[in-house]
$ cat start-v7.txt   # compact mmCIF, C-alpha atoms and all ligand atoms
# COMPACT_ATOMS: atom_id res chain seq x y z
CA MET A 1 136.94 -7.15 44.27
CA ALA A 2 133.64 -5.38 45.05
CA ASP A 3 132.04 -3.31 42.31
CA GLU A 4 133.01 0.23 43.31
CA ARG A 5 130.26 1.81 41.25
CA LEU A 6 128.00 1.09 44.24
CA ILE A 7 128.35 3.56 47.12
CA VAL A 8 126.28 2.72 50.19
CA ALA A 9 125.02 5.73 52.19
CA LEU A 10 125.74 5.41 55.92
CA ASP A 11 122.98 7.69 57.17
CA PHE A 12 123.30 6.70 60.83
CA HIS A 13 123.95 8.56 64.08
CA THR A 14 126.44 6.20 65.65
CA ALA A 15 129.65 4.44 64.77
CA ASP A 16 128.22 1.19 66.16
CA GLU A 17 125.44 1.17 63.56
CA VAL A 18 128.05 1.82 60.88
CA LYS A 19 130.23 -1.04 62.05
CA ASN A 20 127.24 -3.41 62.09
CA LEU A 21 126.22 -2.58 58.54
CA VAL A 22 129.76 -2.59 57.14
CA LYS A 23 130.41 -5.97 58.74
CA THR A 24 127.09 -7.33 57.46
CA LEU A 25 127.85 -6.19 53.91
CA GLY A 26 131.41 -7.53 54.18
CA ASP A 27 133.33 -7.79 50.93
CA SER A 28 130.22 -7.15 48.80
CA VAL A 29 130.63 -3.36 49.26
CA ASN A 30 133.84 -1.36 49.14
CA PHE A 31 132.64 2.24 48.87
CA TYR A 32 130.66 4.15 51.52
CA LYS A 33 129.14 7.59 51.78
CA VAL A 34 129.49 9.50 55.05
CA GLY A 35 127.03 12.37 55.16
CA MET A 36 126.23 15.14 57.60
CA GLU A 37 124.03 13.03 59.92
CA LEU A 38 126.87 10.65 60.68
CA PHE A 39 129.77 13.10 60.48
CA TYR A 40 128.14 15.64 62.80
CA SER A 41 127.53 13.01 65.46
CA ALA A 42 130.37 10.51 65.08
CA GLY A 43 133.06 12.83 63.68
CA ALA A 44 136.32 11.99 61.99
CA GLY A 45 136.73 8.72 63.91
CA VAL A 46 134.20 6.97 61.76
CA VAL A 47 136.06 7.95 58.58
CA GLU A 48 139.30 6.69 60.11
CA TRP A 49 137.58 3.40 61.03
CA LEU A 50 136.31 2.95 57.46
CA LYS A 51 139.81 3.58 56.15
CA SER A 52 141.21 1.02 58.58
CA GLN A 53 138.81 -1.46 56.96
CA ASP A 54 140.23 -0.55 53.51
CA LYS A 55 136.98 1.06 52.42
CA LYS A 56 136.72 4.00 50.06
CA ILE A 57 134.84 7.06 51.26
CA PHE A 58 132.67 9.70 49.68
CA LEU A 59 132.53 12.44 52.33
CA ASP A 60 129.23 14.10 51.43
CA LEU A 61 129.28 17.32 53.44
CA LYS A 62 127.98 19.53 50.60
CA LEU A 63 130.06 22.64 51.33
CA HIS A 64 128.39 25.93 50.37
CA ASP A 65 129.98 29.23 51.44
CA ILE A 66 132.23 31.97 50.06
CA PRO A 67 135.21 30.75 47.97
CA ASN A 68 137.91 31.26 50.61
CA THR A 69 135.92 29.48 53.33
CA VAL A 70 135.03 26.50 51.15
CA ALA A 71 138.62 26.14 49.93
CA GLY A 72 139.91 26.21 53.52
CA GLY A 73 137.24 23.76 54.68
CA LEU A 74 138.10 21.30 51.92
CA CYS A 75 141.82 21.49 52.70
CA SER A 76 141.00 20.68 56.35
CA LEU A 77 138.84 17.73 55.25
CA MET A 78 141.70 16.47 53.09
CA ASN A 79 143.40 15.31 56.32
CA LEU A 80 140.80 12.54 56.58
CA GLY A 81 141.83 10.90 53.32
CA ALA A 82 138.38 10.61 51.76
CA ASN A 83 138.28 9.68 48.06
CA ILE A 84 135.49 12.09 47.08
CA LEU A 85 134.56 15.49 48.54
CA ASN A 86 131.78 17.79 47.39
CA VAL A 87 130.44 21.34 47.21
CA HIS A 88 127.18 22.90 46.02
CA ALA A 89 127.35 24.11 42.41
CA ALA A 90 124.99 26.91 43.50
CA GLY A 91 128.01 28.37 45.33
CA GLY A 92 129.10 29.59 41.89
CA PHE A 93 131.94 29.29 39.40
CA THR A 94 134.50 31.21 41.46
CA MET A 95 133.81 29.18 44.57
CA MET A 96 134.19 25.89 42.67
CA LYS A 97 137.34 27.02 40.84
CA THR A 98 138.96 28.30 44.05
CA ALA A 99 138.04 25.07 45.83
CA ALA A 100 139.41 22.82 43.09
CA SER A 101 142.69 24.68 42.76
CA ALA A 102 143.19 24.83 46.54
CA LEU A 103 142.72 21.06 46.77
CA HIS A 104 145.17 20.42 43.91
CA LYS A 105 147.77 22.81 45.34
CA GLU A 106 147.41 21.34 48.85
CA SER A 107 147.71 17.75 47.68
CA GLU A 108 150.81 18.63 45.67
CA LEU A 109 152.34 20.31 48.72
CA ARG A 110 151.61 17.29 50.90
CA GLY A 111 152.60 14.79 48.21
CA VAL A 112 149.29 12.95 48.51
CA GLU A 113 146.73 11.97 45.90
CA CYS A 114 144.11 14.67 45.32
CA PRO A 115 140.58 13.57 46.25
CA LYS A 116 137.96 13.91 43.55
CA LEU A 117 135.85 17.02 43.89
CA ILE A 118 132.26 16.91 42.67
CA ALA A 119 129.37 19.37 42.75
CA ILE A 120 125.79 18.93 43.91
CA THR A 121 123.50 20.09 41.11
CA VAL A 122 119.83 19.99 42.22
CA LEU A 123 118.86 17.69 45.09
CA THR A 124 117.06 14.52 44.06
CA SER A 125 114.34 15.20 46.64
CA ILE A 126 113.15 18.31 44.74
CA ASN A 127 110.48 17.96 42.07
CA GLN A 128 109.46 20.42 39.36
CA ALA A 129 106.40 21.58 41.39
CA GLU A 130 108.49 22.90 44.28
CA TRP A 131 111.42 24.10 42.16
CA CYS A 132 111.61 27.89 42.05
CA GLY A 133 114.47 28.39 39.56
CA ALA A 134 113.93 30.17 36.24
CA LEU A 135 115.13 27.18 34.17
CA LYS A 136 113.56 23.71 34.20
CA ILE A 137 115.31 21.42 36.71
CA SER A 138 116.91 19.33 33.96
CA GLU A 139 118.22 22.45 32.21
CA GLN A 140 119.58 23.87 35.46
CA VAL A 141 121.31 20.58 36.26
CA VAL A 142 123.11 20.58 32.90
CA GLU A 143 124.11 24.24 33.34
CA PHE A 144 125.51 23.43 36.80
CA ALA A 145 127.38 20.42 35.41
CA LYS A 146 128.98 22.48 32.63
CA LEU A 147 129.92 25.17 35.16
CA ALA A 148 131.47 22.58 37.49
CA GLN A 149 133.47 21.10 34.63
CA ALA A 150 134.68 24.52 33.50
CA ALA A 151 135.75 25.24 37.10
CA GLY A 152 137.97 22.13 37.09
CA LEU A 153 135.78 19.75 39.11
CA ASP A 154 135.79 16.02 38.42
CA GLY A 155 132.05 15.47 38.27
CA VAL A 156 128.64 16.09 39.75
CA VAL A 157 125.92 14.61 41.90
CA SER A 158 122.61 14.53 40.07
CA SER A 159 119.40 12.62 39.74
CA PRO A 160 119.76 9.52 37.57
CA GLN A 161 117.10 11.07 35.35
CA GLU A 162 119.53 13.81 34.26
CA ALA A 163 122.58 11.59 33.85
CA LYS A 164 122.11 11.19 30.10
CA LEU A 165 121.95 14.94 29.44
CA ILE A 166 125.05 15.51 31.60
CA ARG A 167 126.95 12.73 29.85
CA GLU A 168 126.15 14.33 26.47
CA ALA A 169 127.15 17.79 27.69
CA CYS A 170 130.29 16.91 29.67
CA GLY A 171 131.88 13.95 27.88
CA LYS A 172 132.81 10.46 28.97
CA GLU A 173 135.43 11.14 31.67
CA PHE A 174 133.11 13.20 33.89
CA LEU A 175 131.95 11.50 37.12
CA ILE A 176 128.17 11.32 37.49
CA VAL A 177 127.20 10.19 40.97
CA THR A 178 123.49 9.50 41.33
CA PRO A 179 121.45 9.14 44.52
CA GLY A 180 117.68 8.70 44.13
CA ILE A 181 118.13 5.06 43.15
CA ARG A 182 115.23 2.74 43.85
CA PRO A 183 115.18 -0.89 42.73
CA ALA A 184 111.79 -1.88 41.23
CA GLY A 185 109.23 -2.22 44.03
CA ALA A 186 111.31 -0.42 46.72
CA ALA A 187 109.86 2.39 48.88
CA ILE A 188 110.45 5.85 47.36
CA ASN A 189 110.73 7.65 50.79
CA ASP A 190 111.45 11.37 50.36
CA GLN A 191 113.11 11.00 46.95
CA GLN A 192 111.40 12.41 43.84
CA ARG A 193 113.52 12.17 40.68
CA ILE A 194 114.36 8.47 40.93
CA SER A 195 115.43 5.57 38.67
CA THR A 196 116.31 1.92 38.99
CA PRO A 197 120.01 0.93 39.15
CA ARG A 198 119.71 -0.39 35.60
CA ALA A 199 118.28 2.86 34.19
CA ALA A 200 120.84 4.99 36.04
CA LEU A 201 123.78 3.05 34.56
CA LEU A 202 122.26 2.96 31.10
CA ASN A 203 121.88 6.74 31.29
CA GLY A 204 125.57 7.18 32.04
CA ALA A 205 125.89 7.27 35.84
CA THR A 206 129.38 6.24 36.99
CA HIS A 207 128.42 5.69 40.66
CA LEU A 208 125.13 4.89 42.37
CA VAL A 209 124.56 6.13 45.92
CA ILE A 210 122.07 3.87 47.66
CA GLY A 211 120.96 4.14 51.28
CA ARG A 212 117.58 2.99 52.55
CA PRO A 213 116.94 0.25 49.95
CA ILE A 214 120.01 -1.51 51.40
CA ARG A 215 120.21 -0.19 54.97
CA SER A 216 116.54 -0.76 55.78
CA ALA A 217 116.23 -4.10 54.01
CA GLU A 218 115.48 -7.15 56.14
CA ASN A 219 118.69 -8.66 54.75
CA PRO A 220 121.01 -5.79 53.69
CA ARG A 221 123.66 -8.07 52.16
CA GLU A 222 121.06 -9.83 50.04
CA ALA A 223 119.63 -6.45 48.95
CA ALA A 224 123.12 -5.22 48.01
CA LEU A 225 123.93 -8.40 46.09
CA LYS A 226 120.67 -8.15 44.17
CA ILE A 227 121.45 -4.57 43.17
CA LEU A 228 125.02 -5.53 42.23
CA ALA A 229 123.70 -8.37 40.05
CA GLU A 230 121.38 -5.93 38.26
CA MET A 231 124.31 -3.54 37.73
CA GLU A 232 126.56 -6.28 36.40
CA GLU A 233 123.85 -7.45 34.01
CA VAL A 234 123.67 -3.97 32.46
CA ALA A 235 127.44 -3.51 32.29
CA PRO A 236 130.16 -5.48 34.10
CA PRO A 237 132.53 -3.26 36.08
CA LEU A 238 135.57 -2.24 34.03
CA SER A 239 137.87 -4.26 36.32
CA LYS A 240 136.02 -7.40 35.16
CA ARG A 241 136.47 -6.36 31.55
CA GLY A 242 140.25 -6.30 31.95
CA HIS A 243 140.55 -2.51 32.34
CA ALA A 244 141.57 -0.40 35.32
CA GLU A 245 138.72 1.66 36.78
CA PRO A 246 139.38 5.17 35.38
CA THR A 247 137.33 6.96 37.97
CA VAL A 248 138.11 7.13 41.69
CA SER A 249 141.45 5.73 42.75
CA ALA A 250 142.60 4.50 46.17
O1 LIG B 301 118.28 6.42 51.44
P1 LIG B 301 118.59 7.01 50.07
O2 LIG B 301 118.97 5.95 49.04
O3 LIG B 301 117.48 7.93 49.59
O4 LIG B 301 119.89 7.89 50.33
C1 LIG B 301 120.40 8.79 49.39
C2 LIG B 301 121.60 9.49 49.96
O5 LIG B 301 122.12 10.37 48.99
C3 LIG B 301 121.31 10.32 51.20
O6 LIG B 301 122.44 10.21 52.05
C4 LIG B 301 121.20 11.75 50.69
O7 LIG B 301 121.66 12.71 51.60
C5 LIG B 301 122.13 11.71 49.47
N1 LIG B 301 121.83 12.66 48.41
C6 LIG B 301 120.62 12.70 47.75
N2 LIG B 301 120.42 13.61 46.74
C7 LIG B 301 121.39 14.45 46.39
C8 LIG B 301 122.63 14.40 47.04
C9 LIG B 301 122.82 13.48 48.05
O8 LIG B 301 119.73 11.91 48.05
N3 LIG B 301 121.22 15.27 45.36
$ encode --input "start-v7.txt" --output "structure tokens" --more "lines below"
Ligand code: C5P
Amino acid sequence: MADERLIVALDFHTADEVKNLVKTLGDSVNFYKVGMELFYSAGAGVVEWLKSQDKKIFLDLKLHDIPNTVAGGLCSLMNLGANILNVHAAGGFTMMKTAASALHKESELRGVECPKLIAITVLTSINQAEWCGALKISEQVVEFAKLAQAAGLDGVVSSPQEAKLIREACGKEFLIVTPGIRPAGAAINDQQRISTPRAALLNGATHLVIGRPIRSAENPREAALKILAEMEEVAPPLSKRGHAEPTVSA
């Protein structure tokens, strides 16, 4: 079974590009992230296709609006059967709490498993120089994580550089999903607060979101396998240690 701590970002415009990459990666990758670029152009069909291939999906649409609108939007997205949905923590405590309880209530009503709901803290492309908040970025990230947890969310998206502080503040069950991952020697692109896969896991990340280092590699499968080997060296996935993965279920 593929190591589901790796989530590959499908930042494409077309379903054909998605199908090519997913087929190329084959059984090495089981978890994919569908973001706004792909969803806005290819729509729900691409999520349905991924599900037909037995892949897990993080639907990264970063909802940010008033509580009632976000709750309604998430309940509509629930129809697609994604495993993880997300909102911006900057939407506030009431928005997050309303969203989480609407999702739980709706999944109970439908008799389906509730998707995990996580909050974006501070984007990994922002550095301290362009940050205009009153707190330092790392302090703000931890405050957002505590707020998300208090609102009943399952975890956060953060830079791998803040994973350790979040783990200390929010305990061991909290999901910490980290983009901004760059294997040693890889191009940084527009990311700022980055780490290697090894450092991210050692700092407490539960899932690594990786796009360009795999998607743009000359041999994407080889790039993915190299990253997976580095991850396994730091810590084998729980399934290989004889435990069930406690995090995101089917
Ligand atoms: O190509 P790269 O590995 O930089 O892709 C990272 C992915 O994670 C992108 O799809 C981006 O939208 C997403 N993301 C991020 N930082 C966040 C939240 C999501 O880079 N804080």
$ residues_near_ligand --input "start-v7.txt" --ligand "ligand LIG 301 (chain B)" --cutoff "9 Å" --atoms "all atoms listed in the file" --output "number ranges by chain"
A: 8-11, 33-37, 60, 62, 120-126, 157-159, 177-182, 188-191, 209-216
$ write_last_selection --input "start-v7.txt" --atoms "C-alpha atoms" --output "compact mmCIF listing (two decimals), in the coordinates of the input"
# COMPACT_ATOMS: atom_id res chain seq x y z
CA VAL A 8 126.28 2.72 50.19
CA ALA A 9 125.02 5.73 52.19
CA LEU A 10 125.74 5.41 55.92
CA ASP A 11 122.98 7.69 57.17
CA LYS A 33 129.14 7.59 51.78
CA VAL A 34 129.49 9.50 55.05
CA GLY A 35 127.03 12.37 55.16
CA MET A 36 126.23 15.14 57.60
CA GLU A 37 124.03 13.03 59.92
CA ASP A 60 129.23 14.10 51.43
CA LYS A 62 127.98 19.53 50.60
CA ILE A 120 125.79 18.93 43.91
CA THR A 121 123.50 20.09 41.11
CA VAL A 122 119.83 19.99 42.22
CA LEU A 123 118.86 17.69 45.09
CA THR A 124 117.06 14.52 44.06
CA SER A 125 114.34 15.20 46.64
CA ILE A 126 113.15 18.31 44.74
CA VAL A 157 125.92 14.61 41.90
CA SER A 158 122.61 14.53 40.07
CA SER A 159 119.40 12.62 39.74
CA VAL A 177 127.20 10.19 40.97
CA THR A 178 123.49 9.50 41.33
CA PRO A 179 121.45 9.14 44.52
CA GLY A 180 117.68 8.70 44.13
CA ILE A 181 118.13 5.06 43.15
CA ARG A 182 115.23 2.74 43.85
CA ILE A 188 110.45 5.85 47.36
CA ASN A 189 110.73 7.65 50.79
CA ASP A 190 111.45 11.37 50.36
CA GLN A 191 113.11 11.00 46.95
CA VAL A 209 124.56 6.13 45.92
CA ILE A 210 122.07 3.87 47.66
CA GLY A 211 120.96 4.14 51.28
CA ARG A 212 117.58 2.99 52.55
CA PRO A 213 116.94 0.25 49.95
CA ILE A 214 120.01 -1.51 51.40
CA ARG A 215 120.21 -0.19 54.97
CA SER A 216 116.54 -0.76 55.78
$ atom_distance --input "start-v7.txt" --atom1 "CA of Gly155 in chain A" --atom2 "CA of Ala169 in chain A"
11.9 Å
$ closest_residue --input "start-v7.txt" --among "A:Leu135, A:Ile227, A:Ala150, A:Ala44" --to "Ala184 in chain A" --atoms "only C-alpha atoms"
A:Ile227
$ closest_residue --input "start-v7.txt" --among "A:Asn83, A:Thr69, A:Ser76, A:Ser28" --to "Lys51 in chain A" --atoms "all atoms listed in the file"
A:Asn83
$ residues_near_point --input "start-v7.txt" --point "(148.5, 16.6, 50.3)" --cutoff "12 Å" --atoms "all atoms listed in the file" --output "VMD selection string"
chain A and resid 74 to 82 102 to 115
$ residues_around --input "start-v7.txt" --residues "Ala99 in chain A" --least-positions-apart "2" --cutoff "12 Å" --atoms "only C-alpha atoms" --output "PyMOL selection string"
chain A and resi 63-78+85-89+91-97+101-106+115-119+148+151-154
$ atom_distance --input "start-v7.txt" --atom1 "CA of Asp27 in chain A" --atom2 "CA of Gln53 in chain A"
10.3 Å
$ residues_around --input "start-v7.txt" --residues "Glu4 in chain A" --least-positions-apart "2" --cutoff "8 Å" --atoms "all atoms listed in the file" --output "list of chain:residue names"
A:Ala2, A:Leu6, A:Ile7, A:Val29, A:Asn30, A:Phe31, A:His207
$ atom_distance --input "start-v7.txt" --atom1 "CA of Glu232 in chain A" --atom2 "CA of Pro183 in chain A"
14.1 Å
$ closest_residue --input "start-v7.txt" --among "A:Leu25, A:Ala90, A:Ala205, A:Ala129" --to "Gly171 in chain A" --atoms "all atoms listed in the file"
A:Ala205
